[in-house]
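Shown below: model-v6.cif, with mmCIF, C-alpha atoms.
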data_my_file
#
loop_
_atom_site.label_atom_id
_atom_site.label_comp_id
_atom_site.auth_asym_id
_atom_site.auth_seq_id
_atom_site.Cartn_x
_atom_site.Cartn_y
_atom_site.Cartn_z
CA GLN A 10 34.76 7.77 2.93
CA ARG A 11 35.90 5.02 0.56
CA LYS A 12 34.29 4.90 -2.87
CA LEU A 13 32.63 1.70 -3.98
CA ALA A 14 34.02 0.11 -7.12
CA ALA A 15 31.73 0.49 -10.13
CA GLN A 16 30.70 -2.44 -12.27
CA TYR A 17 27.14 -1.60 -13.30
CA PRO A 18 25.06 1.58 -13.55
CA VAL A 19 22.58 1.86 -10.68
CA ILE A 20 19.04 3.24 -10.88
CA LEU A 21 17.19 3.75 -7.60
CA GLY A 22 13.71 4.89 -6.63
CA GLY A 23 11.01 4.50 -4.05
CA ALA A 24 9.17 6.48 -1.42
CA ALA A 25 12.07 6.36 1.05
CA LEU A 26 14.53 8.05 -1.36
CA THR A 27 14.87 11.53 -2.85
CA ARG A 28 16.53 12.53 -6.10
CA ALA A 29 19.08 14.74 -4.35
CA TYR A 30 20.02 11.98 -1.89
CA VAL A 31 20.55 9.44 -4.68
CA GLU A 32 22.29 11.72 -7.19
CA GLN A 33 24.44 13.56 -4.65
CA ASP A 34 25.09 11.48 -1.51
CA LEU A 35 25.06 8.04 -3.11
CA HIS A 36 26.71 9.25 -6.31
CA GLU A 37 29.65 10.46 -4.21
CA ILE A 38 30.44 6.97 -2.90
CA TYR A 39 30.04 5.01 -6.14
CA GLU A 40 32.43 5.31 -9.05
CA GLY A 41 29.82 4.52 -11.68
CA GLU A 42 26.53 6.09 -12.66
CA VAL A 43 23.91 6.41 -9.93
CA ARG A 44 20.56 7.86 -10.96
CA TYR A 45 17.12 8.36 -9.45
CA ALA A 46 13.92 7.28 -11.23
CA ARG A 47 10.59 8.65 -10.02
CA ASP A 48 8.75 5.71 -11.59
CA ALA A 49 9.29 2.74 -13.91
CA PHE A 50 8.80 4.86 -17.04
CA GLU A 51 11.56 7.26 -16.04
CA GLY A 52 13.68 4.20 -15.32
CA LEU A 53 13.13 2.96 -18.87
CA ARG A 54 14.08 6.38 -20.28
CA LEU A 55 17.27 6.31 -18.21
CA MET A 56 18.08 2.80 -19.46
CA ASP A 57 17.62 3.96 -23.06
CA ALA A 58 19.97 6.90 -22.42
CA LEU A 59 22.58 4.70 -20.70
CA ILE A 60 22.61 2.24 -23.61
CA ALA A 61 22.78 5.04 -26.15
CA VAL A 62 25.77 6.60 -24.36
CA LYS A 63 27.48 3.21 -24.10
CA ARG A 64 27.01 2.60 -27.83
CA GLY A 65 28.33 6.05 -28.71
CA VAL A 66 25.13 7.31 -30.31
CA PRO A 67 25.79 10.91 -31.46
CA GLY A 68 24.16 13.45 -29.15
CA ALA A 69 23.28 10.85 -26.50
CA VAL A 70 23.69 12.26 -22.98
CA LEU A 71 22.39 11.52 -19.52
CA PRO A 72 20.28 14.15 -17.74
CA GLU A 73 22.06 16.48 -15.33
CA LEU A 74 22.46 15.27 -11.77
CA LYS A 75 20.11 16.84 -9.26
CA GLN A 76 21.79 19.59 -7.25
CA ARG A 77 20.69 20.51 -3.75
CA ARG A 78 19.16 23.94 -3.34
CA VAL A 79 20.58 24.06 0.18
CA ALA A 80 24.02 22.69 0.94
CA LYS A 81 24.32 19.91 3.49
CA ARG A 82 25.08 21.22 6.94
CA ALA A 83 27.66 19.63 9.17
CA ALA A 84 26.28 17.04 11.54
CA THR A 85 25.34 18.49 14.91
CA ALA A 86 24.81 16.83 18.21
CA VAL A 87 21.20 15.89 18.91
CA LEU A 88 19.97 15.81 22.46
CA GLU A 89 18.04 12.70 23.36
CA VAL A 90 14.53 13.51 24.52
CA GLU A 91 13.64 11.63 27.65
CA GLU A 92 10.74 9.31 26.88
CA PRO A 93 7.82 8.93 29.26
CA GLU A 94 8.01 5.85 31.41
CA GLY A 95 5.92 2.88 30.34
CA SER A 96 3.42 2.72 27.51
CA VAL A 97 1.65 6.07 27.77
CA ARG A 98 -1.64 5.77 25.94
CA SER A 99 -2.58 8.51 23.46
CA ASP A 100 -5.63 10.74 23.78
CA VAL A 101 -7.74 8.59 21.41
CA ALA A 102 -11.32 8.37 22.72
CA ILE A 103 -12.43 5.13 24.39
CA ASP A 104 -16.15 5.92 24.64
CA ASN A 105 -17.09 5.45 20.97
CA ARG A 106 -19.84 2.93 20.22
CA VAL A 107 -18.58 -0.57 19.46
CA PRO A 108 -20.51 -1.95 16.45
CA GLU A 109 -21.98 -5.45 16.38
CA PRO A 110 -20.63 -7.53 13.48
CA PRO A 111 -23.01 -9.71 11.44
CA PHE A 112 -20.98 -12.81 12.35
CA TRP A 113 -17.87 -13.90 14.25
CA GLY A 114 -15.13 -15.81 12.47
CA THR A 115 -14.36 -15.87 8.75
CA ARG A 116 -16.08 -16.07 5.38
CA VAL A 117 -14.83 -16.69 1.85
CA ILE A 118 -16.24 -14.80 -1.15
CA LYS A 119 -15.27 -15.87 -4.69
CA GLY A 120 -16.30 -14.89 -8.18
CA ILE A 121 -16.52 -11.13 -7.56
CA GLY A 122 -17.23 -9.44 -10.88
CA LEU A 123 -15.06 -6.60 -12.19
CA LYS A 124 -18.12 -4.36 -12.44
CA ASP A 125 -18.54 -4.64 -8.67
CA TYR A 126 -15.19 -3.07 -7.81
CA ALA A 127 -14.15 -1.22 -11.00
CA SER A 128 -15.71 2.01 -9.69
CA TRP A 129 -13.18 1.88 -6.85
CA LEU A 130 -10.27 2.09 -9.31
CA ASP A 131 -8.32 5.26 -8.49
CA GLU A 132 -7.56 6.70 -11.93
CA GLY A 133 -5.24 9.34 -10.50
CA ALA A 134 -3.08 6.73 -8.79
CA LEU A 135 -3.11 4.61 -11.96
CA PHE A 136 -2.44 7.31 -14.55
CA LYS A 137 0.02 9.41 -12.53
CA GLY A 138 1.61 6.92 -10.17
CA GLN A 139 1.65 3.73 -12.23
CA TRP A 140 1.55 4.86 -15.86
CA GLY A 141 3.51 8.10 -15.48
CA LEU A 142 1.13 10.35 -17.43
CA LYS A 143 2.22 13.97 -17.13
CA GLN A 144 2.61 17.06 -19.25
CA ALA A 145 5.92 16.60 -21.03
CA ARG A 146 6.62 20.24 -21.90
CA ALA A 147 5.11 23.70 -21.78
CA GLY A 148 2.55 24.09 -24.53
CA GLY A 149 2.15 20.33 -24.87
CA PRO A 150 -0.95 18.32 -23.95
CA THR A 151 -2.06 18.91 -20.38
CA TYR A 152 -2.47 16.03 -17.95
CA GLU A 153 -6.24 16.26 -18.35
CA GLU A 154 -5.91 16.03 -22.14
CA LEU A 155 -3.56 13.06 -21.83
CA VAL A 156 -6.10 11.31 -19.60
CA GLU A 157 -8.76 11.69 -22.29
CA THR A 158 -6.58 10.85 -25.31
CA GLU A 159 -4.27 8.18 -23.82
CA GLY A 160 -5.20 7.20 -20.28
CA ARG A 161 -8.86 6.28 -20.47
CA PRO A 162 -8.75 4.75 -23.98
CA ARG A 163 -5.89 2.45 -22.96
CA LEU A 164 -7.61 1.67 -19.68
CA ARG A 165 -10.81 0.67 -21.50
CA GLY A 166 -8.74 -1.53 -23.82
CA TRP A 167 -7.00 -3.28 -20.93
CA LEU A 168 -10.23 -3.80 -18.99
CA GLU A 169 -11.87 -5.29 -22.07
CA LYS A 170 -8.91 -7.64 -22.52
CA LEU A 171 -9.00 -8.68 -18.88
CA HIS A 172 -12.69 -9.51 -19.24
CA THR A 173 -12.41 -11.24 -22.63
CA ASP A 174 -9.37 -13.33 -21.65
CA ASN A 175 -10.83 -14.10 -18.20
CA LEU A 176 -7.67 -12.91 -16.45
CA LEU A 177 -9.30 -11.81 -13.19
CA GLU A 178 -10.15 -14.15 -10.31
CA ALA A 179 -11.23 -11.67 -7.64
CA ALA A 180 -11.79 -13.23 -4.24
CA VAL A 181 -11.86 -12.21 -0.57
CA VAL A 182 -11.46 -13.93 2.77
CA TYR A 183 -12.38 -11.77 5.73
CA GLY A 184 -13.66 -11.96 9.26
CA TYR A 185 -14.54 -10.30 12.55
CA PHE A 186 -12.82 -11.09 15.84
CA PRO A 187 -13.51 -10.00 19.43
CA CYS A 188 -10.59 -8.13 20.93
CA VAL A 189 -9.24 -5.80 23.62
CA SER A 190 -6.12 -3.70 23.91
CA LYS A 191 -3.42 -3.71 26.55
CA GLY A 192 -0.66 -1.14 26.28
CA ASP A 193 0.77 -1.45 22.78
CA ASP A 194 -0.90 -4.83 22.18
CA LEU A 195 -4.10 -5.74 20.37
CA ILE A 196 -5.32 -9.04 21.83
CA LEU A 197 -7.74 -11.18 19.82
CA LEU A 198 -9.95 -13.38 21.95
CA ASN A 199 -11.56 -16.79 21.79
CA GLU A 200 -15.28 -17.18 22.53
CA ASP A 201 -14.54 -17.90 26.19
CA GLY A 202 -12.50 -14.70 26.53
CA SER A 203 -9.09 -16.37 26.54
CA GLU A 204 -6.31 -14.99 24.37
CA ARG A 205 -6.20 -16.29 20.80
CA THR A 206 -3.32 -14.22 19.46
CA ARG A 207 -1.90 -10.74 19.84
CA PHE A 208 -0.33 -8.04 17.71
CA THR A 209 2.22 -5.65 19.18
CA PHE A 210 2.34 -2.28 17.39
CA PRO A 211 4.91 0.53 17.61
CA ARG A 212 3.97 3.74 19.41
CA GLN A 213 4.92 7.25 18.38
CA ARG A 214 7.71 8.50 20.62
CA ARG A 215 6.45 12.07 20.59
CA GLY A 216 3.41 14.11 19.64
CA ARG A 217 0.13 12.29 20.29
CA ARG A 218 2.01 9.00 20.89
CA LEU A 219 -0.45 7.13 18.69
CA CYS A 220 -0.50 3.34 18.50
CA LEU A 221 -2.97 1.12 16.63
CA ALA A 222 -3.87 -0.60 19.89
CA ASP A 223 -5.34 2.69 21.17
CA TYR A 224 -8.24 2.42 18.72
CA PHE A 225 -9.67 -0.53 20.66
CA ARG A 226 -11.25 -0.82 24.11
CA PRO A 227 -8.63 -1.27 26.83
CA GLU A 228 -8.73 -4.57 28.69
CA GLU A 229 -9.47 -2.85 32.00
CA SER A 230 -12.71 -1.37 30.60
CA GLY A 231 -14.38 -4.77 30.83
CA GLU A 232 -15.79 -4.34 27.30
CA ARG A 233 -14.97 -6.27 24.16
CA ASP A 234 -14.23 -4.55 20.88
CA VAL A 235 -14.23 -5.90 17.32
CA VAL A 236 -11.49 -5.90 14.69
CA GLY A 237 -11.84 -6.82 11.03
CA LEU A 238 -9.22 -8.67 9.01
CA GLN A 239 -9.23 -9.16 5.25
CA VAL A 240 -7.14 -10.60 2.44
CA VAL A 241 -8.12 -9.85 -1.16
CA THR A 242 -6.68 -11.00 -4.47
CA VAL A 243 -7.36 -10.56 -8.16
CA GLY A 244 -5.74 -13.93 -8.79
CA SER A 245 -2.65 -15.30 -10.48
CA ARG A 246 -3.70 -15.19 -14.14
CA ILE A 247 -3.10 -11.45 -14.52
CA GLY A 248 0.38 -11.88 -13.02
CA GLU A 249 1.13 -14.66 -15.50
CA ALA A 250 0.01 -12.37 -18.34
CA THR A 251 2.34 -9.57 -17.18
CA ALA A 252 5.23 -12.05 -16.93
CA GLU A 253 4.62 -13.11 -20.53
CA LEU A 254 4.75 -9.48 -21.66
CA PHE A 255 8.02 -8.96 -19.79
CA ALA A 256 9.54 -12.09 -21.35
CA ALA A 257 8.52 -10.80 -24.78
CA ASP A 258 10.28 -7.45 -24.12
CA ALA A 259 6.92 -5.66 -24.40
CA TYR A 260 7.92 -3.34 -21.59
CA ARG A 261 5.33 -0.61 -22.01
CA ASP A 262 2.49 -3.14 -22.07
CA TYR A 263 4.11 -4.94 -19.15
CA LEU A 264 4.34 -1.78 -17.05
CA GLU A 265 0.79 -0.73 -17.89
CA LEU A 266 -0.75 -4.12 -17.13
CA HIS A 267 1.33 -4.57 -13.99
CA GLY A 268 0.37 -1.11 -12.75
CA LEU A 269 -3.28 -1.79 -13.51
CA SER A 270 -3.17 -5.12 -11.68
CA VAL A 271 -1.77 -3.43 -8.57
CA GLN A 272 -4.48 -0.77 -8.66
CA LEU A 273 -7.22 -3.35 -9.27
CA ALA A 274 -6.13 -5.23 -6.15
CA GLU A 275 -6.27 -1.93 -4.25
CA ALA A 276 -9.72 -1.20 -5.73
CA LEU A 277 -10.95 -4.61 -4.58
CA ALA A 278 -9.56 -3.95 -1.09
CA GLU A 279 -11.35 -0.59 -0.92
CA TYR A 280 -14.57 -2.13 -2.25
CA TRP A 281 -14.48 -4.77 0.47
CA HIS A 282 -13.61 -2.26 3.15
CA ALA A 283 -16.80 -0.43 2.13
CA ARG A 284 -18.66 -3.74 2.50
CA VAL A 285 -17.26 -4.07 6.03
CA ARG A 286 -18.38 -0.55 6.92
CA ALA A 287 -21.85 -1.45 5.69
CA GLU A 288 -21.92 -4.66 7.72
CA LEU A 289 -20.82 -2.78 10.83
CA GLY A 290 -23.60 -0.28 10.34
CA PHE A 291 -21.95 3.03 9.52
CA ALA A 292 -21.73 3.10 5.71
CA SER A 293 -24.15 6.05 5.82
CA GLU A 294 -21.19 8.13 7.01
CA ASP A 295 -19.37 7.55 3.70
CA PRO A 296 -19.00 10.66 1.48
CA ASP A 297 -20.97 10.81 -1.77
CA ASP A 298 -18.05 11.87 -3.98
CA VAL A 299 -15.76 9.01 -5.01
CA GLU A 300 -12.77 11.37 -4.93
CA ASP A 301 -13.49 11.95 -1.25
CA MET A 302 -13.50 8.17 -0.83
CA PHE A 303 -10.05 8.00 -2.44
CA ALA A 304 -9.02 10.77 -0.02
CA LEU A 305 -10.09 8.41 2.81
CA LYS A 306 -12.80 10.72 4.13
CA TYR A 307 -14.83 7.82 5.45
CA ARG A 308 -15.00 6.47 8.98
CA GLY A 309 -12.25 4.14 10.13
CA ALA A 310 -9.16 2.95 8.29
CA ARG A 311 -7.63 -0.07 6.61
CA PHE A 312 -4.03 -0.69 7.67
CA SER A 313 -1.90 -3.02 5.54
CA LEU A 314 1.10 -4.79 7.01
CA GLY A 315 4.48 -3.25 6.27
CA TYR A 316 3.49 0.41 6.59
CA GLY A 317 4.45 2.90 9.31
CA ALA A 318 1.80 2.09 11.91
CA CYS A 319 2.18 -1.70 11.57
CA PRO A 320 5.59 -2.36 9.98
CA ASN A 321 6.13 -5.92 11.20
CA LEU A 322 5.64 -8.17 8.16
CA GLU A 323 5.92 -11.24 10.37
CA ASP A 324 2.44 -10.38 11.66
CA ARG A 325 1.17 -11.60 8.29
CA ALA A 326 1.65 -15.12 9.60
CA LYS A 327 -0.90 -14.37 12.35
CA ILE A 328 -3.40 -13.01 9.83
CA ALA A 329 -2.84 -16.04 7.60
CA ASP A 330 -3.41 -18.37 10.55
CA LEU A 331 -6.70 -16.61 11.35
CA LEU A 332 -8.05 -16.22 7.81
CA GLN A 333 -6.45 -19.19 5.99
CA PRO A 334 -6.11 -17.26 2.70
CA GLU A 335 -5.03 -20.37 0.82
CA ARG A 336 -8.78 -20.92 0.48
CA ILE A 337 -8.72 -18.14 -2.14
CA GLY A 338 -5.37 -19.15 -3.63
CA VAL A 339 -3.20 -16.75 -1.61
CA HIS A 340 -0.08 -18.09 0.09
CA LEU A 341 2.50 -16.56 2.39
CA SER A 342 6.17 -16.97 1.45
CA GLU A 343 9.04 -17.53 3.87
CA GLU A 344 9.81 -13.82 3.44
CA PHE A 345 6.23 -12.98 4.51
CA GLN A 346 5.20 -11.82 1.05
CA LEU A 347 1.74 -12.57 -0.35
CA HIS A 348 1.49 -14.61 -3.54
CA PRO A 349 0.03 -13.89 -6.05
CA GLU A 350 1.60 -10.44 -5.96
CA GLN A 351 -1.75 -8.83 -6.77
CA SER A 352 -3.04 -9.50 -3.25
CA THR A 353 -3.31 -7.33 -0.15
CA ASP A 354 -4.04 -7.90 3.52
CA ALA A 355 -5.38 -5.47 6.08
CA ILE A 356 -6.40 -4.84 9.64
CA VAL A 357 -9.72 -2.99 9.46
CA ILE A 358 -10.42 -0.53 12.28
CA HIS A 359 -13.86 0.98 12.90
CA HIS A 360 -12.87 3.73 15.35
CA PRO A 361 -13.94 7.18 14.07
CA GLU A 362 -10.52 8.67 14.85
CA ALA A 363 -8.52 6.00 13.02
CA LYS A 364 -6.39 7.59 10.31
CA TYR A 365 -3.02 6.78 8.81
CA PHE A 366 0.05 7.81 10.77
CA ASN A 367 3.70 6.91 10.99
CA ALA A 368 4.93 5.50 14.27
CA ARG A 369 8.59 6.19 13.52
#
Once you've parsed the file, please lay out its structure as structure tokens.
Amino acid sequence: QRKLAAQYPVILGGAALTRAYVEQDLHEIYEGEVRYARDAFEGLRLMDALIAVKRGVPGAVLPELKQRRVAKRAATAVLEVEEPEGSVRSDVAIDNRVPEPPFWGTRVIKGIGLKDYASWLDEGALFKGQWGLKQARAGGPTYEELVETEGRPRLRGWLEKLHTDNLLEAAVVYGYFPCVSKGDDLILLNEDGSERTRFTFPRQRRGRRLCLADYFRPEESGERDVVGLQVVTVGSRIGEATAELFAADAYRDYLELHGLSVQLAEALAEYWHARVRAELGFASEDPDDVEDMFALKYRGARFSLGYGACPNLEDRAKIADLLQPERIGVHLSEEFQLHPEQSTDAIVIHHPEAKYFNAR
């Protein structure tokens, strides 16, 4: 196949890519440098190496390209599996107890203190995923030692700065809505039982054929179910602070504060999901160990738009219409992105069997 002309070096990353795919398959069709970065810190190291090579710094080299352990096999014909006719519901139970929410409609909560949701901060996701802490070489400091000497001290410093500079504006808008399911659709209802809006979710084409709609009472049961919706934000000030660091070329501080802001928004979302479980009456089923909480060993699940089970970002417009998140300073762009960036939305499902899955 034709090679693409090279003008700039390319660094790629993300959950949908692998190092071998980037540095072998994509490298083959681009005349310039194509490299994979596991995280932003590796990306910065690659940029330093690229600049050093360009400037002719003695000894400057790029790391070796990733080689496949197993060579690519020639493409083979794949037989299409005949799909069952219609929307075949999965085996998810429909006799679980439907909880009674404390209210119907929406509520706005502002002024949530950092101390309320800080315990929900996943240090592993922050230190490993966002900050890139890892043992650099054999015989060097272990990850656990790096957490104690670098991770937690820097985290305490950032949290103190966020508090002192008043950079956090944590707020939530959430609500409970009566609903039923019909095929692949989740239908939210008005008080008189008429349809208010509906979400159509993808269904697995094989295996259990799971679909988010299956976690709610089917319309033909004659019962109403309840679905929770929430939007949380830690505000715009922390995003403005990270932008200032980026403009000042303070890249390490920028990456650390940006990563922390993302994880704080996630911590706030988990904190409020726990509040929802308490309001629905089954918080007693939560595990005692916070690590088990991070491993999602509680009842139900919180599904954010854009992921495998609910990939349609346009559905954010429906959530925004129901919750009106502008009341907490969150707005939806024309590309269906939430602003400020440090904000998340979710469909909260109470069903005991609800766990994350990919519908593709």
Exercise for the section: Would you kindly return, as an MDAnalysis selection string, each protein, DNA or RNA residue with an atom no farther than 12 Å from any atom of Leu332 of chain A, considering only C-alpha atoms and excluding same-chain residues fewer than 3 positions away? Expected result: chainID A and resid 113:117 181:186 237:241 325:329 335:337 339:341 354:356
How about saving the chosen residues, C-alpha atoms kept, as an mmCIF file, keeping the file's coordinate frame?
data_model
loop_
_atom_site.group_PDB
_atom_site.id
_atom_site.type_symbol
_atom_site.label_atom_id
_atom_site.label_comp_id
_atom_site.auth_asym_id
_atom_site.auth_seq_id
_atom_site.Cartn_x
_atom_site.Cartn_y
_atom_site.Cartn_z
ATOM 1 C CA TRP A 113 -17.870 -13.900 14.250
ATOM 2 C CA GLY A 114 -15.130 -15.810 12.470
ATOM 3 C CA THR A 115 -14.360 -15.870 8.750
ATOM 4 C CA ARG A 116 -16.080 -16.070 5.380
ATOM 5 C CA VAL A 117 -14.830 -16.690 1.850
ATOM 6 C CA VAL A 181 -11.860 -12.210 -0.570
ATOM 7 C CA VAL A 182 -11.460 -13.930 2.770
ATOM 8 C CA TYR A 183 -12.380 -11.770 5.730
ATOM 9 C CA GLY A 184 -13.660 -11.960 9.260
ATOM 10 C CA TYR A 185 -14.540 -10.300 12.550
ATOM 11 C CA PHE A 186 -12.820 -11.090 15.840
ATOM 12 C CA GLY A 237 -11.840 -6.820 11.030
ATOM 13 C CA LEU A 238 -9.220 -8.670 9.010
ATOM 14 C CA GLN A 239 -9.230 -9.160 5.250
ATOM 15 C CA VAL A 240 -7.140 -10.600 2.440
ATOM 16 C CA VAL A 241 -8.120 -9.850 -1.160
ATOM 17 C CA ARG A 325 1.170 -11.600 8.290
ATOM 18 C CA ALA A 326 1.650 -15.120 9.600
ATOM 19 C CA LYS A 327 -0.900 -14.370 12.350
ATOM 20 C CA ILE A 328 -3.400 -13.010 9.830
ATOM 21 C CA ALA A 329 -2.840 -16.040 7.600
ATOM 22 C CA GLU A 335 -5.030 -20.370 0.820
ATOM 23 C CA ARG A 336 -8.780 -20.920 0.480
ATOM 24 C CA ILE A 337 -8.720 -18.140 -2.140
ATOM 25 C CA VAL A 339 -3.200 -16.750 -1.610
ATOM 26 C CA HIS A 340 -0.080 -18.090 0.090
ATOM 27 C CA LEU A 341 2.500 -16.560 2.390
ATOM 28 C CA ASP A 354 -4.040 -7.900 3.520
ATOM 29 C CA ALA A 355 -5.380 -5.470 6.080
ATOM 30 C CA ILE A 356 -6.400 -4.840 9.640
#
Handout entry: Nearest to Ala180 of chain A by atom-to-atom distance, counting only C-alpha atoms, from A:Pro320, A:Pro150, A:Pro361, A:Pro349
Key =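 Smallest separation from Ala180 of chain A among the options: A:Pro349.
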Exercise for the section: Decode the PyMOL selection byres ((chain A and resi 168-178) around 8) for the given file into explicit residues and return them as a PyMOL selection string. Expected result: chain A and resi 119-121+123+164-167+179-180+242-247+250
Practice task
Given the file shown, determine the residues that the PyMOL selection byres ((chain A and resi 254-270) around 9) selects; report them as a ChimeraX atom specification.
Solution key: /A:49-50,53,135,138-140,163-164,167,243,247-253,271-275,351
Problem - Using only C-alpha atoms: which of A:Glu42, A:Pro18, A:Ala368, A:Val62 has the shortest distance to Arg214 of chain A - result: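 The closest residue to Arg214 of chain A is A:Ala368.
Compared by their closest atoms to Gln346 of chain A, and using all atoms listed in the file, the residues A:Leu322, A:Leu305, A:Val189, A:Leu331 rank with A:Leu322 nearest.
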Practice task
Identify, on the basis of all atoms listed in the file, every residue whose closest approach to segment 67-71 of chain A does not exceed 10 Å; exclude the query and any residue fewer than 3 positions from it along the same chain; express the result as a ChimeraX atom specification.
Solution key: /A:42,44,54-64,74
Exercise for the section: Between A:Glu159, A:Asp131, A:Glu109, A:Glu73, single out the one closest to Asp301 of chain A, counting only C-alpha atoms. Expected result: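 Nearest to Asp301 of chain A: A:Asp131.
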Problem - Answer key for the PyMOL selection byres ((chain A and resi 311-318) around 9), residues as number ranges by chain - result: A: 210-213, 219-221, 278-279, 282, 309-310, 319-325, 353-359, 363-369
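Between atom CA of Ser203 of chain A and atom CA of Ala222 of chain A lies a distance of 17.9 Å.
Among the candidate residues A:Leu197, A:Glu362, A:Val101, A:His36, the one lying nearest to Lys306 of chain A is A:Glu362, with distances computed using all atoms listed in the file.
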Problem - Two-atom distance - atom CA of Asp100 of chain A, atom CA of Phe225 of chain A (Å) - result: 12.4 Å
